[in-house]
$ cat start-v6.pdb   # PDB, C-alpha atoms
ATOM      1  CA  MET A   1     107.033  87.584 115.323
ATOM      2  CA  LEU A   2     107.614  90.330 112.770
ATOM      3  CA  HIS A   3     105.300  88.437 110.450
ATOM      4  CA  LEU A   4     102.545  88.459 113.083
ATOM      5  CA  ILE A   5     103.002  92.181 113.774
ATOM      6  CA  LEU A   6     102.804  93.033 110.065
ATOM      7  CA  PHE A   7      99.789  90.759 109.645
ATOM      8  CA  SER A   8      97.951  92.395 112.564
ATOM      9  CA  ALA A   9      98.793  95.954 111.487
ATOM     10  CA  PHE A  10      97.644  95.529 107.904
ATOM     11  CA  GLY A  11      94.710  93.370 108.964
ATOM     12  CA  LEU A  12      93.538  96.183 111.220
ATOM     13  CA  ILE A  13      93.925  98.724 108.408
ATOM     14  CA  CYS A  14      91.968  96.372 106.164
ATOM     15  CA  VAL A  15      89.064  95.954 108.600
ATOM     16  CA  ALA A  16      89.061  99.697 109.367
ATOM     17  CA  GLY A  17      88.779 100.449 105.640
ATOM     18  CA  ALA A  18      85.948  97.941 105.249
ATOM     19  CA  VAL A  19      84.027  99.442 108.191
ATOM     20  CA  ASN A  20      84.663 102.940 106.854
ATOM     21  CA  LEU A  21      83.156 101.827 103.527
ATOM     22  CA  LEU A  22      79.945 101.012 105.383
ATOM     23  CA  VAL A  23      79.884 104.164 107.514
ATOM     24  CA  GLN A  24      80.621 106.787 104.852
ATOM     25  CA  ARG A  25      77.669 108.267 103.029
ATOM     26  CA  HIS A  26      79.315 109.699  99.949
ATOM     27  CA  PRO A  27      80.224 107.053  97.342
ATOM     28  CA  ILE A  28      83.604 108.647  96.626
ATOM     29  CA  ASN A  29      84.638 108.189 100.282
ATOM     30  CA  SER A  30      83.517 104.574 100.121
ATOM     31  CA  ALA A  31      85.557 104.074  96.947
ATOM     32  CA  LEU A  32      88.689 105.540  98.531
ATOM     33  CA  SER A  33      88.353 103.315 101.607
ATOM     34  CA  LEU A  34      87.912 100.325  99.296
ATOM     35  CA  ILE A  35      91.267 101.257  97.733
ATOM     36  CA  VAL A  36      92.790 101.186 101.241
ATOM     37  CA  VAL A  37      91.323  97.701 101.787
ATOM     38  CA  MET A  38      92.751  96.438  98.498
ATOM     39  CA  GLY A  39      96.188  97.934  99.127
ATOM     40  CA  SER A  40      96.501  96.368 102.568
ATOM     41  CA  LEU A  41      95.252  93.050 101.168
ATOM     42  CA  ALA A  42      98.122  93.213  98.673
ATOM     43  CA  VAL A  43     100.523  93.406 101.641
ATOM     44  CA  GLU A  44      98.814  90.371 103.192
ATOM     45  CA  TYR A  45      99.390  88.477  99.942
ATOM     46  CA  LEU A  46     103.055  89.480 100.031
ATOM     47  CA  LEU A  47     103.290  88.133 103.589
ATOM     48  CA  LEU A  48     101.921  84.812 102.313
ATOM     49  CA  GLY A  49     104.623  84.752  99.627
ATOM     50  CA  ALA A  50     102.195  85.319  96.756
ATOM     51  CA  GLU A  51     104.122  88.009  94.891
ATOM     52  CA  PHE A  52     102.310  87.636  91.582
ATOM     53  CA  VAL A  53      98.873  87.866  93.209
ATOM     54  CA  ALA A  54      99.962  90.931  95.187
ATOM     55  CA  ALA A  55     101.145  92.689  92.020
ATOM     56  CA  VAL A  56      97.956  91.790  90.136
ATOM     57  CA  GLN A  57      95.889  92.949  93.113
ATOM     58  CA  VAL A  58      97.489  96.388  92.993
ATOM     59  CA  ILE A  59      97.395  96.708  89.199
ATOM     60  CA  VAL A  60      93.961  95.233  88.421
ATOM     61  CA  TYR A  61      91.939  95.802  91.581
ATOM     62  CA  ALA A  62      93.352  98.944  93.164
ATOM     63  CA  GLY A  63      94.262 100.314  89.739
ATOM     64  CA  ALA A  64      91.909  99.410  86.915
ATOM     65  CA  ILE A  65      88.676  98.458  88.673
ATOM     66  CA  MET A  66      88.776 101.305  91.176
ATOM     67  CA  VAL A  67      89.566 103.849  88.453
ATOM     68  CA  LEU A  68      86.440 102.572  86.690
ATOM     69  CA  PHE A  69      84.419 103.038  89.887
ATOM     70  CA  VAL A  70      85.718 106.554  90.553
ATOM     71  CA  PHE A  71      85.141 107.453  86.912
ATOM     72  CA  VAL A  72      81.505 106.348  87.057
ATOM     73  CA  ILE A  73      80.938 108.170  90.368
ATOM     74  CA  MET A  74      82.295 111.367  88.820
ATOM     75  CA  LEU A  75      80.430 110.832  85.531
ATOM     76  CA  LEU A  76      77.070 110.362  87.241
ATOM     77  CA  ASN A  77      77.808 113.152  89.740
ATOM     78  CA  ALA A  78      76.706 110.891  92.584
ATOM     79  CA  GLY A  79      75.765 112.886  95.653
ATOM     80  CA  GLU A  80      75.317 111.856  99.257
ATOM     81  CA  GLU A  81      73.297 108.762  99.878
ATOM     82  CA  GLU A  82      69.725 109.304 100.979
ATOM     83  CA  ARG A  83      69.081 107.240 104.080
ATOM     84  CA  THR A  84      65.744 105.604 103.588
ATOM     85  CA  GLY A  85      64.626 102.865 105.911
ATOM     86  CA  GLY A  86      65.420 100.075 103.564
ATOM     87  CA  SER A  87      63.925  96.647 103.734
ATOM     88  CA  ARG A  88      62.614  95.672 107.147
ATOM     89  CA  VAL A  89      63.454  92.026 106.508
ATOM     90  CA  ALA A  90      67.090  93.009 105.963
ATOM     91  CA  TRP A  91      67.244  94.788 109.330
ATOM     92  CA  LEU A  92      65.371  92.145 111.313
ATOM     93  CA  ILE A  93      66.678  88.898 109.869
ATOM     94  CA  GLY A  94      69.519  89.640 107.479
ATOM     95  CA  ILE A  95      71.908  91.612 109.681
ATOM     96  CA  PRO A  96      71.509  89.582 112.932
ATOM     97  CA  GLY A  97      71.767  86.397 110.897
ATOM     98  CA  MET A  98      74.888  87.627 109.141
ATOM     99  CA  LEU A  99      76.473  88.710 112.447
ATOM    100  CA  ALA A 100      75.635  85.365 114.068
ATOM    101  CA  GLY A 101      77.100  83.511 111.088
ATOM    102  CA  ALA A 102      80.311  85.565 111.201
ATOM    103  CA  VAL A 103      80.725  85.016 114.956
ATOM    104  CA  ILE A 104      80.111  81.266 114.645
ATOM    105  CA  ILE A 105      82.594  80.939 111.771
ATOM    106  CA  CYS A 106      85.273  82.940 113.654
ATOM    107  CA  TRP A 107      84.703  80.912 116.833
ATOM    108  CA  ALA A 108      84.924  77.598 114.999
ATOM    109  CA  LEU A 109      88.076  78.648 113.138
ATOM    110  CA  LEU A 110      89.832  79.898 116.258
ATOM    111  CA  ARG A 111      88.787  76.851 118.311
ATOM    112  CA  HIS A 112      90.169  74.399 115.774
ATOM    113  CA  SER A 113      93.271  76.394 115.004
ATOM    114  CA  ASP A 114      95.353  73.228 114.664
ATOM    115  CA  ALA A 115      94.956  73.461 110.891
ATOM    116  CA  GLY A 116      98.572  74.600 110.681
ATOM    117  CA  SER A 117     100.100  77.953 110.026
ATOM    118  CA  ALA A 118     101.235  79.819 106.961
ATOM    119  CA  VAL A 119     104.989  80.314 106.851
ATOM    120  CA  ILE A 120     106.368  83.502 105.383
ATOM    121  CA  GLY A 121     107.671  83.060 101.870
ATOM    122  CA  ALA A 122     107.056  79.328 102.069
ATOM    123  CA  LEU A 123     105.188  79.152  98.804
ATOM    124  CA  PRO A 124     107.060  79.493  95.529
ATOM    125  CA  GLY A 125     104.769  82.219  94.224
ATOM    126  CA  ALA A 126     107.127  83.410  91.518
ATOM    127  CA  PRO A 127     105.441  84.484  88.290
ATOM    128  CA  ALA A 128     107.350  81.811  86.329
ATOM    129  CA  ASP A 129     105.848  78.971  88.393
ATOM    130  CA  ILE A 130     102.344  80.397  88.066
ATOM    131  CA  ALA A 131     102.792  80.836  84.307
ATOM    132  CA  GLN A 132     103.937  77.209  84.075
ATOM    133  CA  LEU A 133     100.716  76.122  85.787
ATOM    134  CA  LEU A 134      98.481  78.608  83.959
ATOM    135  CA  PHE A 135      99.641  77.755  80.452
ATOM    136  CA  HIS A 136      99.785  73.982  80.912
ATOM    137  CA  GLN A 137      97.284  72.671  83.398
ATOM    138  CA  PHE A 138      94.833  75.574  83.214
ATOM    139  CA  LEU A 139      95.188  76.426  79.529
ATOM    140  CA  LEU A 140      91.539  75.758  78.627
ATOM    141  CA  PRO A 141      90.090  77.871  81.499
ATOM    142  CA  PHE A 142      92.523  80.630  80.538
ATOM    143  CA  GLU A 143      91.255  80.662  76.959
ATOM    144  CA  VAL A 144      87.644  80.549  78.165
ATOM    145  CA  THR A 145      88.256  83.637  80.340
ATOM    146  CA  SER A 146      89.571  85.473  77.276
ATOM    147  CA  ILE A 147      86.220  84.812  75.564
ATOM    148  CA  LEU A 148      84.458  85.990  78.739
ATOM    149  CA  VAL A 149      86.414  89.256  78.708
ATOM    150  CA  LEU A 150      85.602  89.767  75.028
ATOM    151  CA  ILE A 151      81.873  89.272  75.708
ATOM    152  CA  ALA A 152      82.097  91.639  78.697
ATOM    153  CA  ILE A 153      83.710  94.348  76.543
ATOM    154  CA  MET A 154      80.983  94.036  73.916
ATOM    155  CA  GLY A 155      78.265  94.007  76.571
ATOM    156  CA  ALA A 156      79.652  97.106  78.276
ATOM    157  CA  VAL A 157      79.827  98.997  74.969
ATOM    158  CA  VAL A 158      76.262  98.007  74.030
ATOM    159  CA  LEU A 159      74.864  98.867  77.477
ATOM    160  CA  ALA A 160      76.644 102.186  77.874
ATOM    161  CA  ALA A 161      75.985 103.397  74.319
ATOM    162  CA  ARG A 162      73.532 106.273  74.087
ATOM    163  CA  PRO A 163      70.128 105.372  72.588
ATOM    164  CA  GLU A 164      70.289 108.371  70.196
ATOM    165  CA  SER A 165      73.528 107.193  68.621
ATOM    166  CA  LYS A 166      71.947 103.779  68.075
ATOM    167  CA  GLN A 167      69.117 105.357  66.051
ATOM    168  CA  GLU A 168      71.608 107.345  64.027
ATOM    169  CA  THR A 169      73.510 104.224  63.066
ATOM    170  CA  LYS A 170      70.216 102.591  62.105
ATOM    171  CA  LYS A 171      69.384 105.499  59.821
ATOM    172  CA  GLU A 172      72.784 105.327  58.200
ATOM    173  CA  GLY A 173      72.475 101.563  57.691
TER     174      GLY A 173
ATOM    175  CA  MET B   1     104.387  82.207 111.583
ATOM    176  CA  VAL B   2     100.764  83.263 111.538
ATOM    177  CA  PRO B   3      98.122  80.569 112.096
ATOM    178  CA  LEU B   4      95.986  79.856 109.063
ATOM    179  CA  SER B   5      92.848  80.522 111.097
ATOM    180  CA  TYR B   6      93.827  84.197 111.549
ATOM    181  CA  TYR B   7      93.855  84.691 107.788
ATOM    182  CA  LEU B   8      90.519  82.901 107.495
ATOM    183  CA  VAL B   9      89.012  85.046 110.253
ATOM    184  CA  LEU B  10      90.206  88.210 108.483
ATOM    185  CA  SER B  11      88.686  86.995 105.243
ATOM    186  CA  GLY B  12      85.453  86.151 107.062
ATOM    187  CA  ILE B  13      85.293  89.635 108.573
ATOM    188  CA  LEU B  14      85.787  91.204 105.141
ATOM    189  CA  PHE B  15      83.073  88.989 103.661
ATOM    190  CA  ALA B  16      80.693  89.879 106.521
ATOM    191  CA  CYS B  17      81.366  93.596 105.964
ATOM    192  CA  GLY B  18      80.555  93.092 102.279
ATOM    193  CA  VAL B  19      77.265  91.333 103.074
ATOM    194  CA  THR B  20      76.319  94.060 105.563
ATOM    195  CA  GLY B  21      77.043  96.775 103.008
ATOM    196  CA  PHE B  22      74.982  94.921 100.442
ATOM    197  CA  LEU B  23      72.047  94.853 102.862
ATOM    198  CA  ILE B  24      72.120  98.335 104.398
ATOM    199  CA  LYS B  25      73.459 100.547 101.594
ATOM    200  CA  ARG B  26      70.977 102.313  99.346
ATOM    201  CA  ASN B  27      73.327 103.711  96.723
ATOM    202  CA  ILE B  28      73.663 101.338  93.773
ATOM    203  CA  ILE B  29      77.391 102.095  93.299
ATOM    204  CA  THR B  30      78.178 101.426  96.971
ATOM    205  CA  ILE B  31      76.265  98.140  96.791
ATOM    206  CA  PHE B  32      78.444  97.200  93.834
ATOM    207  CA  MET B  33      81.563  98.076  95.845
ATOM    208  CA  SER B  34      80.353  95.786  98.650
ATOM    209  CA  ILE B  35      80.293  92.923  96.141
ATOM    210  CA  GLU B  36      83.936  93.673  95.290
ATOM    211  CA  LEU B  37      84.712  93.585  99.018
ATOM    212  CA  MET B  38      83.186  90.113  99.285
ATOM    213  CA  LEU B  39      85.259  88.923  96.313
ATOM    214  CA  ASN B  40      88.407  90.257  98.027
ATOM    215  CA  GLY B  41      87.597  88.337 101.209
ATOM    216  CA  VAL B  42      87.241  85.118  99.235
ATOM    217  CA  ASN B  43      90.528  85.800  97.416
ATOM    218  CA  LEU B  44      92.365  86.127 100.734
ATOM    219  CA  SER B  45      91.137  82.723 101.898
ATOM    220  CA  PHE B  46      92.168  81.223  98.524
ATOM    221  CA  VAL B  47      95.726  82.521  98.926
ATOM    222  CA  ALA B  48      95.876  81.464 102.601
ATOM    223  CA  PHE B  49      94.846  77.893 101.754
ATOM    224  CA  ALA B  50      97.303  77.875  98.843
ATOM    225  CA  ALA B  51     100.104  78.774 101.262
ATOM    226  CA  ARG B  52      98.927  76.190 103.797
ATOM    227  CA  TRP B  53      98.736  73.240 101.393
ATOM    228  CA  GLN B  54     101.635  74.365  99.172
ATOM    229  CA  GLN B  55      99.410  74.298  96.088
ATOM    230  CA  LEU B  56      99.980  76.993  93.503
ATOM    231  CA  SER B  57      96.608  76.319  91.871
ATOM    232  CA  GLY B  58      95.008  78.413  94.601
ATOM    233  CA  GLN B  59      96.837  81.464  93.280
ATOM    234  CA  VAL B  60      95.790  80.615  89.724
ATOM    235  CA  PHE B  61      92.187  80.550  90.929
ATOM    236  CA  VAL B  62      92.656  84.002  92.455
ATOM    237  CA  PHE B  63      93.820  85.155  89.026
ATOM    238  CA  PHE B  64      90.628  83.796  87.461
ATOM    239  CA  VAL B  65      88.483  85.426  90.150
ATOM    240  CA  MET B  66      90.166  88.755  89.390
ATOM    241  CA  VAL B  67      89.494  88.389  85.653
ATOM    242  CA  VAL B  68      85.831  87.625  86.307
ATOM    243  CA  ALA B  69      85.633  90.551  88.762
ATOM    244  CA  ALA B  70      87.089  92.922  86.161
ATOM    245  CA  ALA B  71      84.579  91.755  83.534
ATOM    246  CA  GLU B  72      81.786  92.025  86.087
ATOM    247  CA  ALA B  73      82.836  95.560  87.048
ATOM    248  CA  ALA B  74      82.832  96.708  83.418
ATOM    249  CA  VAL B  75      79.378  95.264  82.667
ATOM    250  CA  GLY B  76      77.910  96.266  86.039
ATOM    251  CA  LEU B  77      79.028  99.867  85.775
ATOM    252  CA  ALA B  78      77.635 100.033  82.242
ATOM    253  CA  ILE B  79      74.297  98.785  83.617
ATOM    254  CA  ILE B  80      74.476 101.446  86.360
ATOM    255  CA  ILE B  81      75.024 104.131  83.702
ATOM    256  CA  ALA B  82      72.058 102.810  81.713
ATOM    257  CA  VAL B  83      69.851 102.778  84.838
ATOM    258  CA  PHE B  84      70.882 106.317  85.738
ATOM    259  CA  ARG B  85      70.168 107.518  82.213
ATOM    260  CA  THR B  86      66.605 106.234  82.259
ATOM    261  CA  ARG B  87      65.717 106.944  85.905
ATOM    262  CA  GLU B  88      67.912 109.898  86.907
ATOM    263  CA  THR B  89      68.583 108.328  90.297
ATOM    264  CA  LEU B  90      71.098 106.053  91.994
ATOM    265  CA  ASN B  91      68.841 105.159  94.919
ATOM    266  CA  ILE B  92      68.038 101.458  94.824
ATOM    267  CA  ASP B  93      64.607 102.011  96.390
ATOM    268  CA  GLN B  94      63.444 103.981  93.379
ATOM    269  CA  VAL B  95      64.566 101.302  90.933
ATOM    270  CA  ASN B  96      61.615  98.964  91.351
ATOM    271  CA  LEU B  97      60.644  98.122  87.787
ATOM    272  CA  LEU B  98      62.445  95.879  85.335
ATOM    273  CA  LYS B  99      60.744  97.726  82.489
ATOM    274  CA  LEU B 100      62.390 100.949  81.386
TER     275      LEU B 100
END
$ encode --input "start-v6.pdb" --output "structure tokens"
Amino acid sequence: MLHLILFSAFGLICVAGAVNLLVQRHPINSALSLIVVMGSLAVEYLLLGAEFVAAVQVIVYAGAIMVLFVFVIMLLNAGEEERTGGSRVAWLIGIPGMLAGAVIICWALLRHSDAGSAVIGALPGAPADIAQLLFHQFLLPFEVTSILVLIAIMGAVVLAARPESKQETKKEG
Amino acid sequence: MVPLSYYLVLSGILFACGVTGFLIKRNIITIFMSIELMLNGVNLSFVAFAARWQQLSGQVFVFFVMVVAAAEAAVGLAIIIAVFRTRETLNIDQVNLLKL
């Protein structure tokens, strides 16, 4: 019962943050409501017994990625969003289609809700068990992601470097 | 005890909010945040299925999704900075040429 109450409370906060992200016009308000969404999702992960994922969610998502977002918003001095009409196809087909898809998926899931239920703390989500899996069964994907992160770092540095400084290095070389 | 379908419905709502933001928002940074919202919705369904089937590999997949999302955020924000530097705008409607 307590589990259900906590789930509903943080689920409501989560959905409210997501809707607020859509309603707000200033990007910094959207970023702050996205932090609310990520924080309440971390609580949902804790309710599912996934302690490691909850910690990583707070550190990586709500911490690192959102700091990057807020930093870029401040760096570019992003003002309020100009409301232009946008694509007519998006309004006519995209949004009704998306809403219909969401309603159908929710209806189907709730109708066939005999898929079982998630028990609190049922899953051994301790970091040691995940490390055991990550460094044995998923060792190759783990190493591949390290290469991916390296490429991403190099790409970000190349993309964000100023064009003038590139010419200067050319002259020096 | 919370039914698995409740978690999946929550994750579906988050994903739908992300898609809607992607369609209606005009600021390039907010569109990027909507993509992160969609990734979060998918992560929640991964963890819910992991708890349902007692498989820890679902949580490992969430870890990989987070790594890819972090890399994507770094590169994407660098692209946004490059676009802003050449065009002086963040409005997606005014970014209509691939050429600089």
$ resolve_selection --input "start-v6.pdb" --expression "the PyMOL selection byres ((chain B and resi 94) around 12)" --output "number ranges by chain"
A: 82, 84, 86; B: 26-28, 83-84, 86-93, 95-98
$ residues_around --input "start-v6.pdb" --residues "stretch 78-80 of chain B" --least-positions-apart "6" --cutoff "8 Å" --atoms "only C-alpha atoms" --output "PyMOL selection string"
(chain A and resi 156-157+159-160) or (chain B and resi 28-29)
$ residues_around --input "start-v6.pdb" --residues "A:Trp91" --least-positions-apart "6" --cutoff "12 Å" --atoms "all atoms listed in the file" --output "mmCIF file with C-alpha atoms, keeping the file's coordinate frame"
data_model
loop_
_atom_site.group_PDB
_atom_site.id
_atom_site.type_symbol
_atom_site.label_atom_id
_atom_site.label_comp_id
_atom_site.auth_asym_id
_atom_site.auth_seq_id
_atom_site.Cartn_x
_atom_site.Cartn_y
_atom_site.Cartn_z
ATOM 1 C CA GLY A 85 64.626 102.865 105.911
ATOM 2 C CA GLY A 97 71.767 86.397 110.897
ATOM 3 C CA MET A 98 74.888 87.627 109.141
ATOM 4 C CA LEU A 99 76.473 88.710 112.447
ATOM 5 C CA THR B 20 76.319 94.060 105.563
ATOM 6 C CA GLY B 21 77.043 96.775 103.008
ATOM 7 C CA PHE B 22 74.982 94.921 100.442
ATOM 8 C CA LEU B 23 72.047 94.853 102.862
ATOM 9 C CA ILE B 24 72.120 98.335 104.398
ATOM 10 C CA LYS B 25 73.459 100.547 101.594
#
$ residues_around --input "start-v6.pdb" --residues "stretch 34-45 of chain A" --least-positions-apart "3" --cutoff "8 Å" --atoms "only C-alpha atoms" --output "mmCIF file with C-alpha atoms, in the coordinates of the input"
data_model
loop_
_atom_site.group_PDB
_atom_site.id
_atom_site.type_symbol
_atom_site.label_atom_id
_atom_site.label_comp_id
_atom_site.auth_asym_id
_atom_site.auth_seq_id
_atom_site.Cartn_x
_atom_site.Cartn_y
_atom_site.Cartn_z
ATOM 1 C CA PHE A 7 99.789 90.759 109.645
ATOM 2 C CA PHE A 10 97.644 95.529 107.904
ATOM 3 C CA GLY A 11 94.710 93.370 108.964
ATOM 4 C CA ILE A 13 93.925 98.724 108.408
ATOM 5 C CA CYS A 14 91.968 96.372 106.164
ATOM 6 C CA VAL A 15 89.064 95.954 108.600
ATOM 7 C CA GLY A 17 88.779 100.449 105.640
ATOM 8 C CA ALA A 18 85.948 97.941 105.249
ATOM 9 C CA LEU A 21 83.156 101.827 103.527
ATOM 10 C CA SER A 30 83.517 104.574 100.121
ATOM 11 C CA ALA A 31 85.557 104.074 96.947
ATOM 12 C CA LEU A 48 101.921 84.812 102.313
ATOM 13 C CA GLY A 49 104.623 84.752 99.627
ATOM 14 C CA ALA A 50 102.195 85.319 96.756
ATOM 15 C CA GLU A 51 104.122 88.009 94.891
ATOM 16 C CA VAL A 53 98.873 87.866 93.209
ATOM 17 C CA ALA A 54 99.962 90.931 95.187
ATOM 18 C CA ALA A 55 101.145 92.689 92.020
ATOM 19 C CA GLN A 57 95.889 92.949 93.113
ATOM 20 C CA VAL A 58 97.489 96.388 92.993
ATOM 21 C CA TYR A 61 91.939 95.802 91.581
ATOM 22 C CA ALA A 62 93.352 98.944 93.164
ATOM 23 C CA MET A 66 88.776 101.305 91.176
ATOM 24 C CA MET B 33 81.563 98.076 95.845
ATOM 25 C CA LEU B 37 84.712 93.585 99.018
ATOM 26 C CA ASN B 40 88.407 90.257 98.027
ATOM 27 C CA LEU B 44 92.365 86.127 100.734
ATOM 28 C CA VAL B 47 95.726 82.521 98.926
#
$ resolve_selection --input "start-v6.pdb" --expression "the PyMOL selection byres ((chain A and resi 78) around 9)" --output "list of chain:residue names"
A:His26, A:Pro27, A:Ile28, A:Val72, A:Ile73, A:Met74, A:Leu75, A:Leu76, A:Asn77, A:Gly79, A:Glu80, A:Glu81, B:Asn27, B:Ile29, B:Thr89, B:Leu90
$ residues_around --input "start-v6.pdb" --residues "B:Phe49" --least-positions-apart "6" --cutoff "9 Å" --atoms "only C-alpha atoms" --output "list in words"
Ala118 of chain A; Leu4, Leu8, Gln55 and Gly58 of chain B
$ atom_distance --input "start-v6.pdb" --atom1 "atom CA of A:Ala90" --atom2 "atom CA of A:Leu68"
28.9 Å
$ resolve_selection --input "start-v6.pdb" --expression "the PyMOL selection byres ((chain B and resi 60) around 9)" --output "PyMOL selection string"
(chain A and resi 53+130-131+133-134+138) or (chain B and resi 56-59+61-65)
$ write_last_selection --input "start-v6.pdb" --atoms "C-alpha atoms" --output "compact mmCIF listing (two decimals), keeping the file's coordinate frame"
# COMPACT_ATOMS: atom_id res chain seq x y z
CA VAL A 53 98.87 87.87 93.21
CA ILE A 130 102.34 80.40 88.07
CA ALA A 131 102.79 80.84 84.31
CA LEU A 133 100.72 76.12 85.79
CA LEU A 134 98.48 78.61 83.96
CA PHE A 138 94.83 75.57 83.21
CA LEU B 56 99.98 76.99 93.50
CA SER B 57 96.61 76.32 91.87
CA GLY B 58 95.01 78.41 94.60
CA GLN B 59 96.84 81.46 93.28
CA PHE B 61 92.19 80.55 90.93
CA VAL B 62 92.66 84.00 92.46
CA PHE B 63 93.82 85.16 89.03
CA PHE B 64 90.63 83.80 87.46
CA VAL B 65 88.48 85.43 90.15
$ residues_around --input "start-v6.pdb" --residues "A:Ile5" --least-positions-apart "3" --cutoff "12 Å" --atoms "all atoms listed in the file" --output "list of chain:residue names"
A:Met1, A:Leu2, A:Ser8, A:Ala9, A:Phe10, A:Gly11, A:Leu12, A:Glu44, A:Leu47, B:Met1, B:Val2
$ closest_residue --input "start-v6.pdb" --among "A:Leu46, A:Leu109, A:Ala16, A:Leu150" --to "chain B" --atoms "only C-alpha atoms"
A:Leu109
$ atom_distance --input "start-v6.pdb" --atom1 "atom CA of A:Pro163" --atom2 "atom CA of B:Val67"
28.9 Å
$ atom_distance --input "start-v6.pdb" --atom1 "atom CA of B:Val42" --atom2 "atom CA of B:Ser5"
13.9 Å
$ closest_residue --input "start-v6.pdb" --among "A:Gly155, A:Arg88, A:Ile147, A:Pro96" --to "chain B" --atoms "all atoms listed in the file"
A:Gly155
$ closest_residue --input "start-v6.pdb" --among "A:Leu32, A:Ile65, A:Ile59, A:Ile105" --to "B:Leu10" --atoms "only C-alpha atoms"
A:Ile105
